[in-house]
Every structure is written in C-alpha cells, then in structure tokens.
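Engineer: Next up, input-v2.tsv (TSV, C-alpha atoms).
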```
chain	number	residue	atom	x	y	z
A	299	MET	CA	0.00	0.00	0.00
A	300	PHE	CA	1.23	3.49	-0.86
A	301	GLU	CA	1.78	5.57	2.27
A	302	LYS	CA	0.68	9.16	1.85
A	303	ARG	CA	2.73	11.65	3.80
A	304	THR	CA	1.44	14.25	6.24
A	305	ASP	CA	2.56	15.83	9.52
A	306	LEU	CA	-0.98	16.94	10.43
A	307	ALA	CA	-2.93	14.81	12.92
A	308	LEU	CA	-6.16	15.98	11.27
A	309	GLU	CA	-5.04	14.55	7.93
A	310	ALA	CA	-3.66	11.36	9.51
A	311	ARG	CA	-7.13	10.77	10.91
A	312	GLU	CA	-8.68	11.42	7.48
A	313	LEU	CA	-6.28	8.94	5.85
A	314	TRP	CA	-7.06	6.27	8.43
A	315	GLN	CA	-10.79	6.75	7.87
A	316	GLU	CA	-10.36	6.50	4.10
A	317	SER	CA	-8.44	3.24	4.37
A	318	ALA	CA	-10.68	1.67	7.02
A	319	GLY	CA	-14.03	2.83	5.67
A	320	LYS	CA	-16.37	5.52	6.93
A	321	THR	CA	-18.39	3.11	9.08
A	322	THR	CA	-15.36	1.80	10.99
A	323	ARG	CA	-14.84	3.38	14.40
A	324	LEU	CA	-11.39	4.71	15.20
A	325	THR	CA	-10.63	3.68	18.77
A	326	GLY	CA	-8.17	5.57	20.91
A	327	VAL	CA	-8.80	8.85	19.11
A	328	ARG	CA	-11.31	11.61	19.82
A	329	ALA	CA	-11.98	14.58	17.52
A	330	LYS	CA	-14.13	17.67	17.75
A	331	THR	CA	-14.47	20.76	15.51
A	332	SER	CA	-15.59	24.19	16.67
A	333	LYS	CA	-15.36	27.79	15.45
A	334	GLN	CA	-13.53	30.68	17.02
A	335	GLU	CA	-13.13	34.17	15.59
A	336	GLY	CA	-14.59	32.85	12.32
A	337	TYR	CA	-11.90	30.15	11.93
A	338	ALA	CA	-12.50	26.41	12.29
A	339	VAL	CA	-10.55	24.67	15.06
A	340	THR	CA	-10.30	20.87	15.10
A	341	ARG	CA	-9.05	19.17	18.24
A	342	VAL	CA	-7.70	15.64	17.78
A	343	GLU	CA	-6.88	13.80	21.00
A	344	ILE	CA	-4.81	10.62	20.78
A	345	LEU	CA	-5.76	8.82	23.96
A	346	ASN	CA	-3.76	5.60	24.09
A	347	GLU	CA	-1.53	3.12	22.25
A	348	LYS	CA	-4.32	2.13	19.86
A	349	GLY	CA	-4.65	5.74	18.76
A	350	GLU	CA	-0.87	6.04	18.42
A	351	ALA	CA	-0.73	2.95	16.20
A	352	ALA	CA	-3.61	4.14	14.02
A	353	LEU	CA	-2.33	7.68	13.39
A	354	GLY	CA	1.40	7.18	13.84
A	355	LYS	CA	1.68	9.99	16.36
A	356	PRO	CA	2.32	10.06	20.12
A	357	THR	CA	-0.43	10.39	22.72
A	358	GLY	CA	-1.47	13.99	23.23
A	359	ASN	CA	-3.54	16.90	21.97
A	360	TYR	CA	-3.37	18.27	18.41
A	361	LEU	CA	-5.21	21.50	17.58
A	362	THR	CA	-5.55	22.37	13.91
A	363	ILE	CA	-6.63	25.92	13.04
A	364	ASP	CA	-7.99	26.40	9.51
A	365	LEU	CA	-6.85	29.88	8.44
A	366	SER	CA	-7.98	29.56	4.81
A	367	PRO	CA	-10.46	32.48	5.26
A	368	PHE	CA	-7.38	34.59	6.13
A	369	SER	CA	-6.59	34.95	2.41
A	370	GLN	CA	-10.01	36.52	1.79
A	371	ARG	CA	-8.89	39.61	3.72
A	372	ARG	CA	-12.20	40.15	5.46
A	373	ASP	CA	-12.56	42.75	8.21
A	374	GLY	CA	-10.10	42.17	11.04
A	375	PHE	CA	-8.68	39.03	9.40
A	376	PHE	CA	-5.20	39.43	10.91
A	377	GLU	CA	-6.34	40.36	14.41
A	378	ARG	CA	-8.86	37.48	14.49
A	379	ALA	CA	-6.23	35.02	13.32
A	380	VAL	CA	-3.82	36.20	16.03
A	381	ARG	CA	-6.50	35.87	18.72
A	382	VAL	CA	-7.52	32.33	17.74
A	383	VAL	CA	-3.91	31.11	17.55
A	384	GLY	CA	-3.09	32.83	20.84
A	385	ALA	CA	-6.14	31.52	22.67
A	386	GLN	CA	-5.60	27.93	21.56
A	387	LEU	CA	-1.90	28.12	22.38
A	388	ARG	CA	-2.63	29.53	25.82
A	389	SER	CA	-4.81	26.49	26.57
A	390	LEU	CA	-1.76	24.22	26.16
A	391	LEU	CA	0.74	26.30	28.16
A	392	PRO	CA	1.36	26.44	31.91
A	393	ALA	CA	-0.26	29.53	33.41
A	394	ARG	CA	2.96	30.91	34.92
A	395	GLY	CA	6.69	30.86	34.42
A	396	SER	CA	9.15	31.90	31.76
A	397	VAL	CA	8.92	30.57	28.22
A	398	LEU	CA	11.62	29.82	25.64
A	399	VAL	CA	10.46	30.29	22.03
A	400	VAL	CA	12.51	28.41	19.44
A	401	GLY	CA	12.31	29.16	15.73
A	402	LEU	CA	13.39	25.98	13.97
A	403	GLY	CA	14.39	25.81	10.34
A	404	ASN	CA	16.63	27.26	7.67
A	405	ARG	CA	16.20	30.98	7.04
A	406	ALA	CA	17.87	30.59	3.62
A	407	MET	CA	15.20	28.12	2.43
A	408	THR	CA	11.84	29.89	2.11
A	409	ALA	CA	9.66	26.85	2.75
A	410	ASP	CA	11.67	26.11	5.92
A	411	ALA	CA	11.95	29.68	7.19
A	412	VAL	CA	8.66	30.01	9.09
A	413	GLY	CA	10.31	29.36	12.47
A	414	PRO	CA	13.08	31.99	12.28
A	415	LEU	CA	10.69	34.52	10.74
A	416	ALA	CA	8.07	33.96	13.45
A	417	VAL	CA	10.66	34.62	16.18
A	418	GLU	CA	11.17	38.10	14.72
A	419	SER	CA	7.57	38.92	15.75
A	420	VAL	CA	7.90	37.51	19.28
A	421	LEU	CA	8.17	40.05	22.09
A	422	VAL	CA	11.34	39.09	24.01
A	423	THR	CA	11.08	40.26	27.62
A	424	ARG	CA	13.33	38.10	29.80
A	425	HIS	CA	16.02	40.77	30.02
A	426	MET	CA	13.52	43.56	30.87
A	427	VAL	CA	11.15	42.15	33.52
A	428	SER	CA	13.32	43.19	36.45
A	429	ALA	CA	12.48	46.88	35.97
A	430	PRO	CA	9.27	48.91	35.44
A	431	PRO	CA	7.27	49.28	33.23
A	432	PHE	CA	8.01	45.70	32.12
A	433	SER	CA	7.81	44.02	35.53
A	434	ASP	CA	4.28	42.75	34.78
A	435	PHE	CA	5.40	41.01	31.57
A	436	ARG	CA	5.88	37.27	31.42
A	437	PRO	CA	9.59	36.45	30.87
A	438	VAL	CA	10.15	35.28	27.29
A	439	ALA	CA	13.43	34.32	25.64
A	440	ALA	CA	13.85	33.47	21.96
A	441	LEU	CA	16.31	31.41	19.95
A	442	SER	CA	16.84	30.61	16.26
A	443	PRO	CA	19.42	27.80	16.39
A	444	GLY	CA	19.86	27.42	12.63
A	445	VAL	CA	20.49	24.05	11.02
A	446	LEU	CA	23.21	21.44	11.48
A	447	ALA	CA	24.73	22.02	8.04
A	448	ALA	CA	25.35	25.70	8.86
A	449	THR	CA	26.30	25.47	12.54
A	450	GLY	CA	27.71	21.99	13.09
A	451	VAL	CA	25.49	21.78	16.18
A	452	GLU	CA	22.41	19.60	16.46
A	453	THR	CA	19.26	21.62	17.13
A	454	ALA	CA	18.46	19.49	20.18
A	455	GLU	CA	21.94	20.18	21.58
A	456	ALA	CA	21.62	23.95	21.12
A	457	VAL	CA	18.10	24.16	22.53
A	458	GLY	CA	18.97	21.85	25.42
A	459	ALA	CA	21.98	23.97	26.37
A	460	VAL	CA	19.98	27.21	26.34
A	461	ALA	CA	17.05	25.63	28.20
A	462	GLU	CA	19.45	24.46	30.91
A	463	GLN	CA	20.54	28.07	31.49
A	464	VAL	CA	17.14	29.78	31.05
A	465	ARG	CA	15.19	27.08	32.94
A	466	PRO	CA	11.83	27.87	31.29
A	467	ALA	CA	8.48	26.54	32.47
A	468	ALA	CA	7.77	25.57	28.84
A	469	VAL	CA	9.29	25.64	25.37
A	470	ILE	CA	7.40	26.70	22.25
A	471	ALA	CA	8.99	25.22	19.11
A	472	ILE	CA	7.95	26.60	15.70
A	473	ASP	CA	8.69	24.64	12.54
A	474	ALA	CA	7.56	23.96	8.98
A	475	LEU	CA	5.45	20.87	8.31
A	476	ALA	CA	4.30	18.84	5.32
A	477	ALA	CA	0.59	18.57	4.50
A	478	ARG	CA	-1.28	16.11	2.34
A	479	ARG	CA	-3.49	18.68	0.63
A	480	MET	CA	-2.30	21.84	-1.15
A	481	SER	CA	-5.37	23.60	0.26
A	482	ARG	CA	-3.83	23.34	3.74
A	483	VAL	CA	-0.40	24.70	2.78
A	484	CYS	CA	0.18	28.08	4.47
A	485	ALA	CA	-3.49	28.01	5.45
A	486	THR	CA	-3.23	25.87	8.59
A	487	VAL	CA	-1.54	26.05	11.98
A	488	GLN	CA	-1.16	22.91	14.09
A	489	LEU	CA	-0.51	23.15	17.82
A	490	ALA	CA	0.53	20.05	19.74
A	491	ASP	CA	1.61	19.35	23.32
A	492	THR	CA	3.72	16.36	22.24
A	493	GLY	CA	6.88	18.17	21.12
A	494	ILE	CA	8.40	18.09	17.65
A	495	SER	CA	11.14	16.54	15.50
A	496	PRO	CA	13.03	19.43	13.83
A	497	GLY	CA	13.15	19.24	10.05
A	498	SER	CA	10.20	16.88	9.71
A	499	GLY	CA	8.45	19.14	7.20
A	500	VAL	CA	11.27	18.82	4.67
A	501	GLY	CA	11.99	15.17	5.39
A	502	ASN	CA	15.08	15.74	7.53
A	503	HIS	CA	14.12	14.37	10.94
A	504	ARG	CA	16.54	15.25	13.74
A	505	SER	CA	16.60	14.51	17.48
A	506	PRO	CA	13.20	15.33	19.00
A	507	LEU	CA	12.39	18.24	21.27
A	508	ASN	CA	9.91	17.07	23.89
A	509	ARG	CA	9.37	16.73	27.63
A	510	GLU	CA	11.64	13.68	27.76
A	511	THR	CA	14.61	15.43	26.13
A	512	LEU	CA	14.23	18.92	27.66
A	513	GLY	CA	12.54	18.17	30.99
A	514	VAL	CA	9.71	20.69	30.46
A	515	PRO	CA	6.53	20.76	28.34
A	516	VAL	CA	7.27	21.42	24.67
A	517	ILE	CA	4.44	22.93	22.64
A	518	ALA	CA	4.91	22.51	18.89
A	519	VAL	CA	3.59	25.16	16.52
A	520	GLY	CA	3.67	23.86	12.97
A	521	VAL	CA	2.80	25.52	9.66
A	522	PRO	CA	2.57	23.24	6.61
A	523	THR	CA	4.54	24.82	3.76
A	524	VAL	CA	5.05	21.85	1.42
A	525	VAL	CA	3.29	18.79	0.04
A	526	ASP	CA	5.02	15.59	-0.98
A	527	ALA	CA	4.79	15.30	-4.79
A	528	ALA	CA	4.16	11.54	-4.69
A	529	THR	CA	1.25	12.10	-2.29
A	530	ILE	CA	-0.31	14.64	-4.67
A	531	ALA	CA	0.13	12.21	-7.57
A	532	ALA	CA	-1.49	9.37	-5.61
A	533	ASP	CA	-4.49	11.51	-4.69
A	534	LEU	CA	-4.95	12.67	-8.28
A	535	LEU	CA	-4.78	9.10	-9.58
A	536	GLU	CA	-7.40	7.97	-7.08
A	537	GLU	CA	-9.71	10.90	-7.78
A	538	SER	CA	-9.50	10.31	-11.54
A	539	GLY	CA	-10.16	6.59	-11.20
A	540	GLY	CA	-6.67	5.74	-12.42
A	541	GLY	CA	-6.68	2.25	-10.94
A	542	ARG	CA	-4.08	0.57	-8.76
A	543	ILE	CA	-1.27	2.78	-7.48
A	544	ASP	CA	2.28	1.46	-7.91
A	545	PRO	CA	4.28	2.67	-4.86
A	546	ASP	CA	7.60	1.85	-6.53
A	547	ARG	CA	6.90	4.12	-9.49
A	548	LEU	CA	5.75	6.99	-7.27
A	549	ARG	CA	8.79	6.66	-5.01
A	550	ARG	CA	11.38	5.65	-7.61
A	551	ASP	CA	13.46	8.84	-7.29
A	552	ALA	CA	16.15	8.66	-4.59
A	553	ALA	CA	15.33	12.15	-3.31
A	554	PRO	CA	11.64	12.96	-2.70
A	555	MET	CA	10.26	16.06	-4.34
A	556	MET	CA	8.36	18.67	-2.33
A	557	VAL	CA	5.79	20.99	-3.90
A	558	THR	CA	5.13	24.50	-2.62
A	559	PRO	CA	3.02	27.46	-3.90
A	560	ARG	CA	4.61	29.97	-6.26
A	561	ASP	CA	3.90	32.82	-3.81
A	562	ILE	CA	5.47	30.94	-0.89
A	563	ASP	CA	7.60	33.98	0.10
A	564	ARG	CA	4.55	36.13	0.86
A	565	LEU	CA	2.57	33.29	2.46
A	566	VAL	CA	5.38	32.27	4.81
A	567	ARG	CA	5.97	35.87	5.92
A	568	GLU	CA	2.27	36.38	6.64
A	569	LEU	CA	1.80	33.13	8.56
A	570	ALA	CA	5.05	33.65	10.49
A	571	LYS	CA	3.76	37.03	11.66
A	572	VAL	CA	0.43	35.50	12.72
A	573	VAL	CA	2.29	32.82	14.71
A	574	GLY	CA	4.64	35.34	16.34
A	575	TYR	CA	1.83	37.67	17.34
A	576	GLY	CA	-0.26	34.69	18.46
A	577	ILE	CA	2.52	33.68	20.84
A	578	ASN	CA	2.55	37.22	22.23
A	579	TRP	CA	-1.23	37.07	22.66
A	580	ALA	CA	-0.92	33.79	24.55
A	581	LEU	CA	1.83	35.00	26.87
A	582	GLN	CA	1.24	38.71	27.49
A	583	GLU	CA	-1.76	40.74	28.58
A	584	MET	CA	-1.69	43.33	25.81
A	585	GLU	CA	-3.43	44.47	22.66
A	586	ILE	CA	-2.16	43.80	19.14
A	587	GLU	CA	-1.50	47.50	18.52
A	588	ASP	CA	0.76	47.60	21.58
A	589	MET	CA	2.68	44.56	20.31
A	590	THR	CA	3.35	46.35	17.03
A	591	ALA	CA	4.53	49.47	18.81
A	592	LEU	CA	6.97	47.53	21.01
A	593	LEU	CA	8.29	45.37	18.17
A	594	THR	CA	9.03	48.37	15.95
```
Go ahead and render the structure in this file as structure tokens.

Structural biologist:
Amino acid sequence: MFEKRTDLALEARELWQESAGKTTRLTGVRAKTSKQEGYAVTRVEILNEKGEAALGKPTGNYLTIDLSPFSQRRDGFFERAVRVVGAQLRSLLPARGSVLVVGLGNRAMTADAVGPLAVESVLVTRHMVSAPPFSDFRPVAALSPGVLAATGVETAEAVGAVAEQVRPAAVIAIDALAARRMSRVCATVQLADTGISPGSGVGNHRSPLNRETLGVPVIAVGVPTVVDAATIAADLLEESGGGRIDPDRLRRDAAPMMVTPRDIDRLVRELAKVVGYGINWALQEMEIEDMTALLT
C-alpha cells in the first residue's frame, strides 16, 4: 500500500478513515471541531496506544486551526487570526513561568523559514522584567538555532543547552510541516503538546524536542509549507479513477520532491507574523496595537 505523507494529525485521521471505511470506528482517538473568531478549530486527542498505532503519532492533543479564510482579507482578518492562535496556544501552556520560544528551520530556504521569521515577531522580555514598566510582563526568551549544516550543532543540543541556562516553564517550538493537501499549505496552523522533531516538514528528521529530552513541556507550533509530490500524484490518480497505485513508481526517485506554492515567500511571511503575534497574545496581557509598537 502506498503511504501518503502528512505531519498533520487531522489529515492522519482522514487517511485512516479512508483506508478503514467511513463506518469503521477509530478507537483511541477523539476529535471535535468548533469555530472561534470565524476560523474552524479541530481538536484531535490521541488517547492511548491504539490511537498512536492508528495515526502514527504520540499520545497527546493536536489543535488544527484552519486559516484559509485569512486569504479573503475580510474585516479584522489578521487580528482574528492572532487571537484564535493565541487563545488555543494559551490552553496548552502552563499559566505561569518563563517561556523559551525556538524558531526551527533554515532561514535561507523559504519553505523552511517560518520558524526563524516567526521569532522576529515575538516580544522578548526576559532581560527587561526586572524593571518597570516591564515588571508585569511574562519572561520570554527566543532562539533561532539554525540548522546542522550551517552550525555543526544539532538543534536538540543547542536548545537543550539554552534551556538548561534559562530554565523555562515551557518551550514553544515553531517549525515547517508537510501537508497532504495543497489547500492546507500556508493556510493551517497545528498546535501540539507532544513536542516536535526538527526538520520533519522537509523530510530531515533530527533529534526530538519534547518533555523527555528537555525536561519541560514542549508545545509545537507547525505551519505546513510543502506537500510531498508523490502524495499529490497518488491523490490525483485515485480521484481520476486511475486504478491501482504502484508505490515503486511513485517513489522511484532517490530524493523525494516537495511541492510548494509559487507565492510561498509572501505566504510564509504572513503566517510567520500570525504565529509570532499569536505567541505574544498567549503569553502577554496586551493588545495587538501595543505589540506592534513595542516590536518596531
């Protein structure tokens, strides 16, 4: 059987349902969709080992925010997107304590730059909270560790060393993901309390960042920026009634090909800003206009 690739728990659930049949019940997984600020939010909870085996993801909570209406530029689209990302992120974070925000990825590769770009919109306060008027701010530190090829240092090593010094109550790790559907590329944000494997979106899995490796909760913020070309081809063949799929032919190239939109530069910048401001909304008691003023 051809294995379609996705990093989104929402899509992993869809794929399982397609293969098992719509009448088959998926045990060990619970899902619920609601609306907030005009954006759909789907919560997928993987409850036990059966759920892990079915979806191929660890036990935990996965919140998928559908930001596709964002591109329609309706009234307050940016502010509403920031509020929904911030509110959902806040629900996964400890109520108190300092936070380390990590922007994973390669700034030189547009589809992998969402992490470093998002950090640029995060309000860093750890060095200011000891004096007014910043004493009421939650301490936040930020790090963009780069990639192994450029630094010679594993991401997990760099983040672990900084976390040991900063001693945060939680880590927020931002990274690019791979989706199954082009409609979800740069139109979705996934939040998860299970940690993350840096580089997973571009097929370069590194040592994981999670509670086991860092000793504190790690909240993953993922933005799908690419789709696996073989997955697109498989879906198109199925939808057109093309018959049996030959996995060997779809995967015959040694290096997998990733597909991304032609306006990926603009989309990544926009979503990175939403994520950065959403983190500020989750951590600080302030309005979006005040965030802009402080960041500039």

Engineer: When you draw a straight line from CA of Asp563 in chain A to CA of Arg378 in chain A, how long is it in Å?

Structural biologist: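 A separation of 22.1 Å between them.
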
Engineer: Please provide the set of residues having any atom within 8 Å of Ala329 in chain A, restricted to all atoms listed in the file, with same-chain residues fewer than 5 positions apart removed, written as a JSON list (two decimals) with C-alpha atoms, in the frame of the given file.

Structural biologist:
```
[["chain", "number", "residue", "atom", "x", "y", "z"],
["A", 340, "THR", "CA", -10.30, 20.87, 15.10],
["A", 341, "ARG", "CA", -9.05, 19.17, 18.24],
["A", 342, "VAL", "CA", -7.70, 15.64, 17.78],
["A", 343, "GLU", "CA", -6.88, 13.80, 21.00]]
```

Engineer: Hey, could you make a per-residue contact list for range 419-536 of chain A against range 389-409 of chain A with 7 Å as the cut-off, showing the nearest pair of atoms and its distance in Å to one decimal, counting all atoms listed in the file, sorted by chain and number, as a tab-separated table?

Structural biologist:
```
residue	atom	partner	partner_atom	distance
A:Arg436	CA	A:Ser396	CA	6.3
A:Pro437	CA	A:Ser396	CA	4.7
A:Val438	CA	A:Val397	CA	5.0
A:Ala439	CA	A:Leu398	CA	4.9
A:Ala440	CA	A:Val399	CA	4.6
A:Leu441	CA	A:Val400	CA	4.9
A:Ser442	CA	A:Gly401	CA	4.8
A:Pro443	CA	A:Leu402	CA	6.7
A:Gly444	CA	A:Asn404	CA	5.9
A:Val445	CA	A:Asn404	CA	6.0
A:Pro466	CA	A:Ser396	CA	4.9
A:Ala467	CA	A:Gly395	CA	5.1
A:Ala468	CA	A:Val397	CA	5.2
A:Val469	CA	A:Leu398	CA	4.8
A:Ile470	CA	A:Val399	CA	4.7
A:Ala471	CA	A:Val400	CA	4.8
A:Ile472	CA	A:Gly401	CA	5.1
A:Asp473	CA	A:Leu402	CA	5.1
A:Asp491	CA	A:Leu390	CA	6.6
A:Pro496	CA	A:Leu402	CA	6.6
A:Gly497	CA	A:Gly403	CA	6.7
A:Thr523	CA	A:Ala409	CA	5.6
A:Val524	CA	A:Ala409	CA	6.9
```

Engineer: Which residue out of A:Ala379, A:Val464, A:Val483, A:Val457 has the minimum interatomic distance to Leu565 in chain A when all atoms listed in the file are used?

Structural biologist: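 Selected residue with least distance to Leu565 in chain A: A:Val483.
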
Engineer: Provide the CA of Glu455 in chain A to CA of Met426 in chain A distance in Å, to one decimal place.

Structural biologist: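 CA of Met426 in chain A lies at a distance of 26.5 Å from CA of Glu455 in chain A.
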
Engineer: Of the candidates A:Leu592, A:Leu569, A:Ala532, A:Leu353, which one gets nearest to Ala485 in chain A if we count only C-alpha atoms?

Structural biologist: A:Leu569

Engineer: Would you pick out the contacts of Arg328 in chain A at 12 Å or less, using only C-alpha atoms, so that residues sharing its chain but fewer than 6 positions from it are not included, and give the list as a list in words?

Structural biologist: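 Returned residues: Ala307, Leu308, Arg311, Thr340, Arg341, Val342, Glu343, Ile344, Leu345, Asn346, Lys348, Gly349, Glu350, Leu353, Thr357, Gly358, Asn359, Tyr360 and Leu361 of chain A.
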
Engineer: Take the point (-8.5, 25.8, 10.1) in the file's coordinates, draw a sphere of radius 10 Å around it, and report as number ranges by chain every protein, DNA or RNA residue with an atom inside or on it, counting all atoms listed in the file.

Structural biologist: A: 331-334, 336-340, 361-368, 482, 485-488

Engineer: Create the file for the chosen residues now, containing C-alpha atoms and written as a PDB file, in the coordinates of the input.

Structural biologist:
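Wrote part21.pdb, looks like this:
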```pdb
ATOM      1  CA  THR A 331     -14.470  20.760  15.510  1.00  0.00           C
ATOM      2  CA  SER A 332     -15.590  24.190  16.670  1.00  0.00           C
ATOM      3  CA  LYS A 333     -15.360  27.790  15.450  1.00  0.00           C
ATOM      4  CA  GLN A 334     -13.530  30.680  17.020  1.00  0.00           C
ATOM      5  CA  GLY A 336     -14.590  32.850  12.320  1.00  0.00           C
ATOM      6  CA  TYR A 337     -11.900  30.150  11.930  1.00  0.00           C
ATOM      7  CA  ALA A 338     -12.500  26.410  12.290  1.00  0.00           C
ATOM      8  CA  VAL A 339     -10.550  24.670  15.060  1.00  0.00           C
ATOM      9  CA  THR A 340     -10.300  20.870  15.100  1.00  0.00           C
ATOM     10  CA  LEU A 361      -5.210  21.500  17.580  1.00  0.00           C
ATOM     11  CA  THR A 362      -5.550  22.370  13.910  1.00  0.00           C
ATOM     12  CA  ILE A 363      -6.630  25.920  13.040  1.00  0.00           C
ATOM     13  CA  ASP A 364      -7.990  26.400   9.510  1.00  0.00           C
ATOM     14  CA  LEU A 365      -6.850  29.880   8.440  1.00  0.00           C
ATOM     15  CA  SER A 366      -7.980  29.560   4.810  1.00  0.00           C
ATOM     16  CA  PRO A 367     -10.460  32.480   5.260  1.00  0.00           C
ATOM     17  CA  PHE A 368      -7.380  34.590   6.130  1.00  0.00           C
ATOM     18  CA  ARG A 482      -3.830  23.340   3.740  1.00  0.00           C
ATOM     19  CA  ALA A 485      -3.490  28.010   5.450  1.00  0.00           C
ATOM     20  CA  THR A 486      -3.230  25.870   8.590  1.00  0.00           C
ATOM     21  CA  VAL A 487      -1.540  26.050  11.980  1.00  0.00           C
ATOM     22  CA  GLN A 488      -1.160  22.910  14.090  1.00  0.00           C
TER      23      GLN A 488
END
```

Engineer: Could you check the closest approach to Ala474 in chain A for each of A:Ala411, A:Leu489, A:Leu446, A:Leu534 and tell me which residue wins, using all atoms listed in the file?

Structural biologist: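 For Ala474 in chain A, the nearest of the given residues is A:Ala411.
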
Engineer: Quick one: distance from CA of Ala459 in chain A to CA of Arg509 in chain A in Å, one decimal?

Structural biologist: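 Spanning CA of Ala459 in chain A to CA of Arg509 in chain A is a straight-line distance of 14.6 Å.
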